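One structure below.
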Amino acid sequence: MTEQNNIPAACDLTDEELLALPRHYAALMRGVRDVAIGGDARRMRRLLARGADEGHLGRDKFGNSHLIRALLTAAAFCDRVSPDRNIVAAILLHHLCRAGMVSEEQVAADWNDDVARLVRGLLKATSLYTRGASVDSENFRRLLMAFAEDIRVIIIMIVDRLVLMRLVNHHPDERRVKDLAYEANYLYASLAHRLGLYSIKSDLEDMSLKYTDRETYTSIARQLNERKKERDQYIDAFIAPVKEKLLHAGLDFDIKGRTKSIFSIWNKLRKQKTDIDHIYDLFAIRIIIDTPPEKEKSDCWMAYSLITDMYRPNPSRMKDWISIPKSNGYESLHITVAGPGGKWVEVQIRTRRMDLVAEKGLAAHWRYKGIKSEGGLDAWMNNVRDILETADSGPMELVRNFKMDVYDKEVFVFTPKGDLYRLPAGATLLDFAFNIHTKLGASCVGGMVNGKNEKLTYKLRSGDTVEIQTSPSQQPKQDWLNIVVTSKARTKIRQTLKERESRTADLGREMLQRRFKNRKIAIDEARLSRLIKKLGYKTTTDFFREIGDEKLDVNTVADRYVSIETPNDAPTAHVSADEFVLSQFSEETSAKEASAADDILVIGNDVKGLNYRFARCCNPIYGDDVFGFVSTDGVVKIHRADCPNAPSMRQRHPYRIISTRWSGKIGEQFAATLRVVGRDDIGIVTNITSVISKEKNTTLRNISIDSHDGLFQGTLVIGIPDNASLASIIKKIKTVKGVRDVGRL
């Protein structure tokens, strides 16, 4: 691209834009002169000219010309990140593809497959903004990463947002500009920080503050300008003796001062509740050393030693990112020393290579090692921290095959209103319905996916827009458990089925009581329990449910009941709930009727065949002190002795308490829920799950993480054989760096 004066025609540009167009075009040509291939400029100029003439380029929602914006973005990418022929081509072509003037197949044929892939990623990622989704959610960020497919697409979007923020200064629609500024700070500045694009991050944050709180921004800028002369004099006085020392030591270096960004100053003023005169690192001195790779660390530490000999250091503010670089590749040695007059000055010591990474991010020097992520975006970013020493073919070539598969185990789905939901890969339309609301899932009969009717079994894909269709007559079915993959949907379906069974059983009990009353038959519980056993039912619930479903005739039951003789020792008076259960499930119950879990529990006086389950309010596991509580449906619920509901149960229904203990036999896993609190450090979740995975006979069933203000709270559900094993794993999790507290729920 060497033809700098032949600018594409642009009949829809204003006079001001036409005057500026040659300057923008020339800046881009200078940026790509070392990476362009012969004929690129001519082909691109023709395409852009045709697109402008035919009205395919148009304007964005702020009124900016897509042509001007694309030229500025491409030039900014070359300047702020790295010149790259394919990326520049993709930036300039993707608007033409969106307008339908050029197809992805034509791009691949005329340019190459890599440019086509970048264009496809840009089209998919930017299409998210047409869904009306809220960008201030982690799900939007994750879907953006998933849609981009290529890390370079994300970097392009960050640079484009930087250009757009510059273009909207003094735009008349303040509300829209504020929304854009909020998005730039929340989403794109955050991504730029994670990728090590610190310079772009600072610019985005500064402009975001400028557009959302112009008065504060102007006030800080004015105070900085008023102190500029004084600050420059102080920096010169500080630097002069430092230069002399470093030169005397034989170091080849550059040294300069810089003022902290306005956004960063505002953040410190807000957090520290102080004024600008009391900020430690209002400005910093940066020393950049030219040295070969093998001497980088030693030369940096030499400079550190020379400076701390001259000025008194503050040990509490020393930061060593040379020995252990940041996860995004940042390397530097930060010290704070008392300069002339006792003022604190931050000094940053780094090499030329380190400064390149700090200024232009890892995109300047990435090397892909082929390690796949297991811990989400931050862990995935950590895998690209290795820095390439040399890049003969161009730095962006190194990330060409860097796949954005960080969220390939998840799908992100929209509602018609633009709300965004995250589900595991393989989730179905029915999973989505239950994820929104239990009632919606229970009455779901299908849905509209991207305007097309789909069945409950439809497997969702990222970017789908789903509208659930319901019917008041629909009810969950047993085979739904084979359709859903999420634990929430499975739990809700099972719960609904059990509730329906319970209601049917209650109806069956009422039907039997009414028929007995009509026939003037007195109900004897012991006699009835023997009839239930003879009819082959394992529990009274199954028996009454069959009556409620009209699968078992009430008159037949009444006739069979009358035909059973009452033994002489049969109880005739009213009995308590405890006595009722013990008589209902006597030792006469056959082994076939006994629950499989009887081997590990001894309930009452070693009564066999009891229908029981573990209480969800306290989730007892083998080895806990436990007791049994007879529920209204005859099921014994096993609670921990320290269950939060235990005092109320013992006070209100003492006659329904059954002594229970573990038999001493073990052979199954129990669900235990742990709450973990700690610092929101990169890798801490991976370290915790690693501890669990290494434990014998222990499995991680579910994990939920929430982070806020540098802290995270996690809820872990693990399968564990007994409470001794649980105590051991809690002790080990507490040793993980960053974990502050672990407790059982």
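Every chain in the structure tokens has a letter given in the order shown (A, B, ...), and although residue numbers restart at 1 in each chain, ligands are simply numbered from 1 in the order shown.
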Subject >> Nearby residues (only C-alpha atoms) at most 7 Å from Ser704 in chain A, same-chain spacing under 6 positions excluded, as a PyMOL selection string >> reply: chain A and resi 714-716
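Nearest to Asp681 in chain A of all the residues A:Arg701, A:His95, A:His708, A:Lys228 is A:His708, based on only C-alpha atoms.
Note that CA of Ile262 in chain A and CA of Ser219 in chain A are 9.9 Å apart.
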Original post:
Counting only C-alpha atoms, what is within 12 Å of Val691 in chain A, bar same-chain residues fewer than 6 positions away, as an NGL selection string?
Top reply: :A and (684-685 or 698-700 or 718 or 728-737)
Take the residues from that selection and put them in a file with C-alpha atoms, as a PDB file, in the first residue's frame.
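This is the output file out-v4.pdb:
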```pdb
ATOM      1  CA  ILE A 684      -7.539 -19.519  43.094  1.00  0.00           C
ATOM      2  CA  VAL A 685     -10.602 -21.403  41.803  1.00  0.00           C
ATOM      3  CA  THR A 698     -14.417 -37.300  46.460  1.00  0.00           C
ATOM      4  CA  THR A 699     -16.066 -35.549  43.512  1.00  0.00           C
ATOM      5  CA  LEU A 700     -16.945 -31.924  42.727  1.00  0.00           C
ATOM      6  CA  ILE A 718     -18.981 -32.100  46.745  1.00  0.00           C
ATOM      7  CA  SER A 728      -9.768 -33.289  55.946  1.00  0.00           C
ATOM      8  CA  ILE A 729     -10.678 -31.566  52.682  1.00  0.00           C
ATOM      9  CA  ILE A 730     -11.781 -28.380  54.497  1.00  0.00           C
ATOM     10  CA  LYS A 731      -8.390 -28.287  56.194  1.00  0.00           C
ATOM     11  CA  LYS A 732      -6.608 -28.650  52.831  1.00  0.00           C
ATOM     12  CA  ILE A 733      -8.709 -25.948  51.119  1.00  0.00           C
ATOM     13  CA  LYS A 734      -7.796 -23.546  53.929  1.00  0.00           C
ATOM     14  CA  THR A 735      -4.130 -23.944  52.959  1.00  0.00           C
ATOM     15  CA  VAL A 736      -4.770 -22.660  49.391  1.00  0.00           C
ATOM     16  CA  LYS A 737      -3.178 -19.234  48.966  1.00  0.00           C
TER      17      LYS A 737
END
```
Please report, as a compact mmCIF listing (two decimals) with all heavy atoms, in the first residue's frame, each residue of range 233-324 of chain A to which DSSP assigns helix (DSSP H, G or I) when run on this structure's backbone.
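The result, stored in result_33.txt:
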```txt
# COMPACT_ATOMS: atom_id res chain seq x y z
N GLN A 233 9.91 21.05 37.22
CA GLN A 233 11.15 21.45 37.89
C GLN A 233 11.57 20.40 38.92
O GLN A 233 12.76 20.08 39.05
CB GLN A 233 10.96 22.81 38.57
CG GLN A 233 10.83 23.98 37.60
CD GLN A 233 10.51 25.28 38.30
OE1 GLN A 233 10.16 25.30 39.49
NE2 GLN A 233 10.62 26.40 37.57
N TYR A 234 10.59 19.89 39.63
CA TYR A 234 10.90 18.88 40.65
C TYR A 234 11.44 17.60 40.00
O TYR A 234 12.40 16.99 40.48
CB TYR A 234 9.65 18.57 41.49
CG TYR A 234 9.95 17.66 42.66
CD1 TYR A 234 10.38 18.18 43.88
CD2 TYR A 234 9.80 16.27 42.55
CE1 TYR A 234 10.67 17.36 44.95
CE2 TYR A 234 10.09 15.45 43.62
CZ TYR A 234 10.52 16.00 44.81
OH TYR A 234 10.81 15.18 45.87
N ILE A 235 10.80 17.18 38.90
CA ILE A 235 11.23 15.97 38.19
C ILE A 235 12.66 16.14 37.69
O ILE A 235 13.49 15.23 37.82
CB ILE A 235 10.26 15.66 37.02
CG1 ILE A 235 8.91 15.17 37.58
CG2 ILE A 235 10.85 14.58 36.11
CD1 ILE A 235 7.85 14.98 36.51
N ASP A 236 12.97 17.32 37.16
CA ASP A 236 14.34 17.58 36.68
C ASP A 236 15.35 17.49 37.82
O ASP A 236 16.44 16.93 37.66
CB ASP A 236 14.42 18.95 36.01
CG ASP A 236 13.65 19.01 34.69
OD1 ASP A 236 13.40 17.91 34.13
OD2 ASP A 236 13.31 20.11 34.24
N ALA A 237 14.97 18.04 38.97
CA ALA A 237 15.87 18.01 40.13
C ALA A 237 16.07 16.57 40.63
O ALA A 237 17.15 16.22 41.10
CB ALA A 237 15.31 18.89 41.25
N PHE A 238 15.03 15.77 40.52
CA PHE A 238 15.13 14.38 40.97
C PHE A 238 15.97 13.55 39.99
O PHE A 238 16.79 12.73 40.39
CB PHE A 238 13.72 13.79 41.08
CG PHE A 238 13.70 12.37 41.57
CD1 PHE A 238 13.55 12.08 42.91
CD2 PHE A 238 13.80 11.30 40.68
CE1 PHE A 238 13.53 10.77 43.37
CE2 PHE A 238 13.78 9.99 41.12
CZ PHE A 238 13.64 9.73 42.47
N ILE A 239 15.77 13.81 38.70
CA ILE A 239 16.39 12.98 37.66
C ILE A 239 17.89 13.24 37.53
O ILE A 239 18.68 12.31 37.30
CB ILE A 239 15.68 13.21 36.31
CG1 ILE A 239 14.32 12.52 36.30
CG2 ILE A 239 16.53 12.69 35.16
CD1 ILE A 239 13.52 12.76 35.03
N ALA A 240 18.32 14.48 37.69
CA ALA A 240 19.71 14.85 37.41
C ALA A 240 20.74 13.96 38.12
O ALA A 240 21.62 13.37 37.47
CB ALA A 240 19.93 16.32 37.76
N PRO A 241 20.67 13.80 39.45
CA PRO A 241 21.66 12.94 40.11
C PRO A 241 21.49 11.46 39.76
O PRO A 241 22.47 10.70 39.75
CB PRO A 241 21.41 13.18 41.60
CG PRO A 241 20.03 13.69 41.69
CD PRO A 241 19.78 14.46 40.43
N VAL A 242 20.25 11.05 39.46
CA VAL A 242 20.00 9.65 39.08
C VAL A 242 20.69 9.35 37.76
O VAL A 242 21.35 8.31 37.60
CB VAL A 242 18.49 9.36 38.98
CG1 VAL A 242 18.24 7.96 38.41
CG2 VAL A 242 17.83 9.50 40.34
N LYS A 243 20.57 10.26 36.80
CA LYS A 243 21.24 10.09 35.51
C LYS A 243 22.74 9.92 35.68
O LYS A 243 23.37 9.03 35.08
CB LYS A 243 20.97 11.31 34.61
CG LYS A 243 19.69 11.25 33.81
CD LYS A 243 19.64 12.44 32.87
CE LYS A 243 18.43 12.37 31.96
NZ LYS A 243 18.38 13.52 31.03
N GLU A 244 23.30 10.77 36.53
CA GLU A 244 24.74 10.73 36.74
C GLU A 244 25.18 9.37 37.29
O GLU A 244 26.17 8.79 36.83
CB GLU A 244 25.15 11.85 37.68
CG GLU A 244 26.66 11.98 37.88
CD GLU A 244 27.00 13.14 38.78
OE1 GLU A 244 26.13 14.01 39.01
OE2 GLU A 244 28.15 13.17 39.28
N LYS A 245 24.44 8.86 38.26
CA LYS A 245 24.77 7.56 38.87
C LYS A 245 24.67 6.42 37.86
O LYS A 245 25.53 5.54 37.79
CB LYS A 245 23.82 7.29 40.04
CG LYS A 245 24.20 8.01 41.32
CD LYS A 245 25.24 7.21 42.09
CE LYS A 245 25.47 7.82 43.47
NZ LYS A 245 26.47 7.03 44.24
N LEU A 246 23.59 6.42 37.08
CA LEU A 246 23.37 5.33 36.12
C LEU A 246 24.42 5.35 35.01
O LEU A 246 24.88 4.30 34.57
CB LEU A 246 21.96 5.43 35.53
CG LEU A 246 20.78 5.26 36.51
CD1 LEU A 246 19.45 5.40 35.78
CD2 LEU A 246 20.83 3.90 37.21
N LEU A 247 24.75 6.55 34.54
CA LEU A 247 25.79 6.65 33.51
C LEU A 247 27.14 6.19 34.04
O LEU A 247 27.90 5.50 33.35
CB LEU A 247 25.89 8.10 33.02
CG LEU A 247 24.74 8.61 32.13
CD1 LEU A 247 24.86 10.11 31.91
CD2 LEU A 247 24.73 7.88 30.79
N HIS A 248 27.42 6.54 35.28
CA HIS A 248 28.68 6.13 35.89
C HIS A 248 28.76 4.62 36.04
O HIS A 248 29.85 4.02 35.98
CB HIS A 248 28.84 6.81 37.26
CG HIS A 248 30.20 6.59 37.87
ND1 HIS A 248 30.44 5.59 38.80
CD2 HIS A 248 31.39 7.23 37.69
CE1 HIS A 248 31.71 5.62 39.15
NE2 HIS A 248 32.32 6.62 38.50
N ILE A 262 -5.78 10.92 34.58
CA ILE A 262 -6.81 11.66 35.31
C ILE A 262 -7.79 10.71 35.98
O ILE A 262 -8.19 10.91 37.13
CB ILE A 262 -7.53 12.63 34.36
CG1 ILE A 262 -6.55 13.72 33.89
CG2 ILE A 262 -8.74 13.26 35.02
CD1 ILE A 262 -7.12 14.69 32.90
N PHE A 263 -8.18 9.64 35.27
CA PHE A 263 -9.11 8.67 35.85
C PHE A 263 -8.50 8.02 37.08
O PHE A 263 -9.17 7.84 38.11
CB PHE A 263 -9.48 7.61 34.82
CG PHE A 263 -10.40 6.54 35.34
CD1 PHE A 263 -11.77 6.72 35.31
CD2 PHE A 263 -9.90 5.36 35.88
CE1 PHE A 263 -12.63 5.74 35.80
CE2 PHE A 263 -10.75 4.38 36.37
CZ PHE A 263 -12.11 4.58 36.33
N SER A 264 -7.21 7.67 36.99
CA SER A 264 -6.55 7.03 38.12
C SER A 264 -6.46 7.97 39.32
O SER A 264 -6.64 7.55 40.47
CB SER A 264 -5.15 6.56 37.70
OG SER A 264 -4.52 5.86 38.74
N ILE A 265 -6.18 9.24 39.05
CA ILE A 265 -6.14 10.24 40.13
C ILE A 265 -7.52 10.36 40.77
O ILE A 265 -7.66 10.38 42.00
CB ILE A 265 -5.67 11.60 39.59
CG1 ILE A 265 -4.20 11.51 39.15
CG2 ILE A 265 -5.85 12.69 40.63
CD1 ILE A 265 -3.71 12.76 38.43
N TRP A 266 -8.56 10.44 39.94
CA TRP A 266 -9.94 10.53 40.47
C TRP A 266 -10.28 9.32 41.32
O TRP A 266 -10.91 9.43 42.38
CB TRP A 266 -10.91 10.67 39.30
CG TRP A 266 -12.34 10.52 39.72
CD1 TRP A 266 -13.13 11.44 40.32
CD2 TRP A 266 -13.15 9.34 39.57
NE1 TRP A 266 -14.38 10.93 40.56
CE2 TRP A 266 -14.41 9.64 40.11
CE3 TRP A 266 -12.92 8.07 39.04
CZ2 TRP A 266 -15.44 8.71 40.13
CZ3 TRP A 266 -13.95 7.15 39.05
CH2 TRP A 266 -15.19 7.46 39.59
N ASN A 267 -9.87 8.15 40.88
CA ASN A 267 -10.15 6.92 41.61
C ASN A 267 -9.49 6.95 42.99
O ASN A 267 -10.08 6.54 43.99
CB ASN A 267 -9.65 5.72 40.81
CG ASN A 267 -10.50 4.49 41.02
OD1 ASN A 267 -11.65 4.59 41.44
ND2 ASN A 267 -9.94 3.34 40.76
N LYS A 268 -8.25 7.42 43.03
CA LYS A 268 -7.55 7.51 44.31
C LYS A 268 -8.17 8.58 45.21
O LYS A 268 -8.30 8.38 46.43
CB LYS A 268 -6.06 7.80 44.08
CG LYS A 268 -5.26 6.59 43.63
CD LYS A 268 -3.78 6.88 43.62
CE LYS A 268 -2.99 5.61 43.29
NZ LYS A 268 -3.03 4.65 44.41
N LEU A 269 -8.55 9.71 44.64
CA LEU A 269 -9.21 10.75 45.43
C LEU A 269 -10.49 10.22 46.06
O LEU A 269 -10.80 10.51 47.22
CB LEU A 269 -9.53 11.96 44.54
CG LEU A 269 -8.34 12.77 44.01
CD1 LEU A 269 -8.84 13.83 43.03
CD2 LEU A 269 -7.58 13.43 45.15
N ARG A 270 -11.22 9.43 45.29
CA ARG A 270 -12.50 8.90 45.77
C ARG A 270 -12.29 7.84 46.86
O ARG A 270 -12.98 7.83 47.87
CB ARG A 270 -13.26 8.29 44.59
CG ARG A 270 -14.61 7.73 44.91
CD ARG A 270 -15.34 7.35 43.63
NE ARG A 270 -14.55 6.43 42.83
CZ ARG A 270 -14.62 5.10 42.97
NH1 ARG A 270 -15.42 4.56 43.86
NH2 ARG A 270 -13.89 4.32 42.19
N LYS A 271 -11.33 6.94 46.64
CA LYS A 271 -11.11 5.85 47.59
C LYS A 271 -10.42 6.33 48.87
O LYS A 271 -10.77 5.90 49.97
CB LYS A 271 -10.29 4.74 46.93
CG LYS A 271 -11.04 3.95 45.88
CD LYS A 271 -10.18 2.83 45.32
CE LYS A 271 -10.96 2.00 44.32
NZ LYS A 271 -10.13 0.91 43.75
N GLN A 272 -9.41 7.21 48.71
CA GLN A 272 -8.64 7.65 49.87
C GLN A 272 -9.26 8.86 50.56
O GLN A 272 -8.81 9.26 51.63
CB GLN A 272 -7.21 7.97 49.44
CG GLN A 272 -6.46 6.77 48.87
CD GLN A 272 -5.07 7.14 48.36
OE1 GLN A 272 -4.61 8.27 48.52
NE2 GLN A 272 -4.40 6.18 47.73
N ILE A 276 -5.60 16.23 45.96
CA ILE A 276 -4.59 15.88 44.97
C ILE A 276 -3.17 16.05 45.50
O ILE A 276 -2.23 15.40 45.04
CB ILE A 276 -4.81 16.71 43.68
CG1 ILE A 276 -4.08 16.07 42.49
CG2 ILE A 276 -4.36 18.15 43.89
CD1 ILE A 276 -4.48 16.68 41.16
N ASP A 277 -2.99 16.91 46.50
CA ASP A 277 -1.65 17.15 47.04
C ASP A 277 -1.14 15.99 47.90
O ASP A 277 0.05 15.94 48.22
CB ASP A 277 -1.63 18.43 47.89
CG ASP A 277 -1.85 19.67 47.04
OD1 ASP A 277 -1.32 19.70 45.91
OD2 ASP A 277 -2.56 20.59 47.48
N HIS A 278 -2.03 15.09 48.31
CA HIS A 278 -1.64 14.01 49.21
C HIS A 278 -1.64 12.64 48.54
O HIS A 278 -1.64 11.62 49.21
CB HIS A 278 -2.56 13.98 50.43
CG HIS A 278 -2.41 15.19 51.32
ND1 HIS A 278 -3.10 16.36 51.09
CD2 HIS A 278 -1.63 15.40 52.41
CE1 HIS A 278 -2.76 17.25 52.01
NE2 HIS A 278 -1.87 16.69 52.82
N PRO A 293 18.80 -9.74 26.71
CA PRO A 293 17.88 -10.52 27.55
C PRO A 293 18.54 -11.15 28.76
O PRO A 293 17.95 -11.18 29.85
CB PRO A 293 17.34 -11.60 26.59
CG PRO A 293 17.49 -11.00 25.23
CD PRO A 293 18.70 -10.14 25.29
N GLU A 294 19.77 -11.65 28.61
CA GLU A 294 20.39 -12.37 29.72
C GLU A 294 20.79 -11.43 30.87
O GLU A 294 21.06 -11.89 31.98
CB GLU A 294 21.62 -13.15 29.23
CG GLU A 294 22.77 -12.30 28.69
CD GLU A 294 22.62 -11.97 27.21
OE1 GLU A 294 21.51 -12.24 26.66
OE2 GLU A 294 23.59 -11.49 26.61
N LYS A 295 20.80 -10.11 30.62
CA LYS A 295 21.21 -9.17 31.67
C LYS A 295 20.04 -8.31 32.17
O LYS A 295 20.24 -7.37 32.95
CB LYS A 295 22.33 -8.26 31.15
CG LYS A 295 23.62 -8.98 30.82
CD LYS A 295 24.71 -7.99 30.42
CE LYS A 295 25.06 -7.06 31.57
NZ LYS A 295 26.13 -6.09 31.21
N GLU A 296 18.82 -8.63 31.72
CA GLU A 296 17.68 -7.78 32.06
C GLU A 296 17.48 -7.65 33.57
O GLU A 296 17.41 -6.54 34.11
CB GLU A 296 16.40 -8.34 31.42
CG GLU A 296 16.30 -8.05 29.94
CD GLU A 296 14.94 -8.42 29.38
OE1 GLU A 296 14.31 -9.36 29.90
OE2 GLU A 296 14.51 -7.75 28.44
N LYS A 297 17.38 -8.77 34.26
CA LYS A 297 17.10 -8.72 35.69
C LYS A 297 18.24 -8.07 36.46
O LYS A 297 18.02 -7.23 37.35
CB LYS A 297 16.81 -10.12 36.22
CG LYS A 297 15.49 -10.70 35.76
CD LYS A 297 15.20 -12.02 36.43
CE LYS A 297 13.85 -12.57 35.98
NZ LYS A 297 13.54 -13.88 36.63
N SER A 298 19.48 -8.46 36.15
CA SER A 298 20.61 -7.94 36.91
C SER A 298 20.76 -6.43 36.72
O SER A 298 21.04 -5.69 37.68
CB SER A 298 21.90 -8.65 36.48
OG SER A 298 22.17 -8.44 35.10
N ASP A 299 20.53 -5.92 35.50
CA ASP A 299 20.65 -4.48 35.27
C ASP A 299 19.53 -3.70 35.96
O ASP A 299 19.75 -2.59 36.47
CB ASP A 299 20.65 -4.19 33.77
CG ASP A 299 22.00 -4.51 33.12
OD1 ASP A 299 22.94 -4.85 33.86
OD2 ASP A 299 22.10 -4.42 31.87
N CYS A 300 18.32 -4.27 35.96
CA CYS A 300 17.21 -3.61 36.66
C CYS A 300 17.50 -3.52 38.16
O CYS A 300 17.26 -2.48 38.79
CB CYS A 300 15.90 -4.36 36.41
SG CYS A 300 15.20 -4.13 34.75
N TRP A 301 17.98 -4.61 38.74
CA TRP A 301 18.29 -4.59 40.17
C TRP A 301 19.49 -3.70 40.48
O TRP A 301 19.58 -3.12 41.57
CB TRP A 301 18.53 -6.01 40.68
CG TRP A 301 17.26 -6.78 40.84
CD1 TRP A 301 16.81 -7.81 40.09
CD2 TRP A 301 16.25 -6.54 41.82
NE1 TRP A 301 15.58 -8.24 40.53
CE2 TRP A 301 15.20 -7.48 41.60
CE3 TRP A 301 16.10 -5.63 42.87
CZ2 TRP A 301 14.07 -7.54 42.38
CZ3 TRP A 301 14.95 -5.69 43.64
CH2 TRP A 301 13.94 -6.63 43.40
N MET A 302 20.41 -3.55 39.52
CA MET A 302 21.52 -2.62 39.72
C MET A 302 20.99 -1.19 39.81
O MET A 302 21.39 -0.41 40.70
CB MET A 302 22.52 -2.72 38.56
CG MET A 302 23.72 -1.77 38.71
SD MET A 302 24.74 -1.66 37.23
CE MET A 302 25.35 -3.34 37.13
N ALA A 303 20.08 -0.84 38.89
CA ALA A 303 19.49 0.49 38.93
C ALA A 303 18.72 0.70 40.24
O ALA A 303 18.78 1.79 40.84
CB ALA A 303 18.56 0.68 37.73
N TYR A 304 18.02 -0.33 40.67
CA TYR A 304 17.28 -0.26 41.95
C TYR A 304 18.24 0.06 43.10
O TYR A 304 17.97 0.93 43.94
CB TYR A 304 16.58 -1.59 42.19
CG TYR A 304 16.09 -1.79 43.61
CD1 TYR A 304 14.86 -1.27 44.00
CD2 TYR A 304 16.84 -2.49 44.54
CE1 TYR A 304 14.40 -1.45 45.31
CE2 TYR A 304 16.40 -2.67 45.84
CZ TYR A 304 15.18 -2.15 46.22
OH TYR A 304 14.74 -2.32 47.51
N SER A 305 19.37 -0.64 43.12
CA SER A 305 20.34 -0.45 44.20
C SER A 305 20.90 0.97 44.20
O SER A 305 21.05 1.61 45.25
CB SER A 305 21.47 -1.47 44.06
OG SER A 305 22.46 -1.28 45.04
N LEU A 306 21.22 1.49 43.00
CA LEU A 306 21.78 2.83 42.89
C LEU A 306 20.79 3.90 43.37
O LEU A 306 21.17 4.85 44.07
CB LEU A 306 22.20 3.11 41.45
CG LEU A 306 23.36 2.27 40.90
CD1 LEU A 306 23.52 2.50 39.41
CD2 LEU A 306 24.66 2.61 41.64
N ILE A 307 19.53 3.73 43.01
CA ILE A 307 18.52 4.74 43.38
C ILE A 307 18.22 4.70 44.87
O ILE A 307 18.10 5.74 45.53
CB ILE A 307 17.23 4.52 42.56
CG1 ILE A 307 17.50 4.81 41.08
CG2 ILE A 307 16.09 5.41 43.05
CD1 ILE A 307 16.39 4.38 40.15
N THR A 308 18.10 3.50 45.44
CA THR A 308 17.79 3.40 46.87
C THR A 308 18.98 3.80 47.74
O THR A 308 18.81 4.09 48.92
CB THR A 308 17.35 1.96 47.23
OG1 THR A 308 18.31 1.02 46.75
CG2 THR A 308 15.99 1.66 46.61
N ASP A 309 20.18 3.81 47.16
CA ASP A 309 21.33 4.36 47.89
C ASP A 309 21.24 5.88 47.99
O ASP A 309 21.70 6.50 48.96
CB ASP A 309 22.64 3.98 47.20
CG ASP A 309 23.04 2.53 47.48
OD1 ASP A 309 22.49 1.95 48.43
OD2 ASP A 309 23.89 2.00 46.72
N MET A 310 20.62 6.49 46.95
CA MET A 310 20.51 7.95 46.91
C MET A 310 19.29 8.46 47.68
O MET A 310 19.36 9.49 48.36
CB MET A 310 20.41 8.42 45.45
CG MET A 310 21.61 8.11 44.59
SD MET A 310 21.28 8.51 42.87
CE MET A 310 20.85 10.23 42.99
N PRO A 315 9.54 0.60 51.94
CA PRO A 315 9.46 -0.85 51.68
C PRO A 315 8.04 -1.34 51.44
O PRO A 315 7.82 -2.29 50.69
CB PRO A 315 10.06 -1.48 52.95
CG PRO A 315 10.87 -0.39 53.57
CD PRO A 315 10.18 0.88 53.24
N SER A 316 7.05 -0.70 52.08
CA SER A 316 5.67 -1.19 51.95
C SER A 316 5.10 -0.95 50.57
O SER A 316 4.08 -1.52 50.20
CB SER A 316 4.79 -0.51 53.00
OG SER A 316 4.69 0.89 52.74
N ARG A 317 5.77 -0.08 49.77
CA ARG A 317 5.24 0.23 48.44
C ARG A 317 6.15 -0.30 47.33
O ARG A 317 6.08 0.14 46.20
CB ARG A 317 5.05 1.74 48.29
CG ARG A 317 3.98 2.30 49.22
CD ARG A 317 3.71 3.75 48.91
NE ARG A 317 3.28 3.96 47.54
CZ ARG A 317 2.06 3.73 47.08
NH1 ARG A 317 1.12 3.26 47.89
NH2 ARG A 317 1.77 3.96 45.81
```
Original post:
Near range 454-464 of chain A, counting only C-alpha atoms, which residues have an atom at most 9 Å away, once you skip same-chain residues fewer than 4 positions from it, shown as a ChimeraX atom specification?
Top reply: /A:128,143,146-147,410-415,422-423,425-432,444-450,480,483-484
**OP:** Extract, using only C-alpha atoms, all DNA, RNA and protein residues at most 8 Å from Ile200 in chain A, discarding same-chain residues fewer than 2 positions from it, and format them as number ranges by chain.
**Re:** A: 80, 159, 162, 189, 192, 197-198, 202-204
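Note that the spacing between CA of His334 in chain A and CA of His193 in chain A amounts to 18.1 Å.
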Neighbouring residues of Phe283 in chain A were defined as those with any atom within 10 Å, considering only C-alpha atoms; residues of the same chain fewer than 5 positions away were excluded. Please report them as a short mmCIF file (atom, residue, chain, number, x, y, z; two decimals) with C-alpha atoms, in the first residue's frame.
```cif
data_model
loop_
_atom_site.label_atom_id
_atom_site.label_comp_id
_atom_site.auth_asym_id
_atom_site.auth_seq_id
_atom_site.Cartn_x
_atom_site.Cartn_y
_atom_site.Cartn_z
CA ARG A 231 6.18 19.45 38.79
CA ILE A 235 11.23 15.97 38.19
CA GLY A 257 8.71 11.53 34.06
CA ARG A 258 5.03 10.95 33.59
CA THR A 259 1.87 12.11 35.36
CA LYS A 260 -0.76 9.63 36.52
CA SER A 261 -3.89 9.42 34.34
CA TRP A 344 7.37 10.60 47.73
CA VAL A 345 8.21 9.69 44.13
CA GLU A 346 7.40 6.43 42.36
CA VAL A 347 10.21 5.06 40.19
#
```
**OP:** Based on DSSP run over this structure's backbone, return all residues of range 297-363 of chain A in strand (DSSP E or B), as a list in words.
**Re:** Arg312, Pro313, Lys319, Asp320, Leu333, His334, Ile335, Thr336, Val337, Ala338, Trp344, Val345, Glu346, Val347, Gln348, Ile349, Arg350 and Thr351 of chain A
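If you look at CA of Ile603 in chain A and CA of Ile638 in chain A, they are 9.5 Å away from each other.
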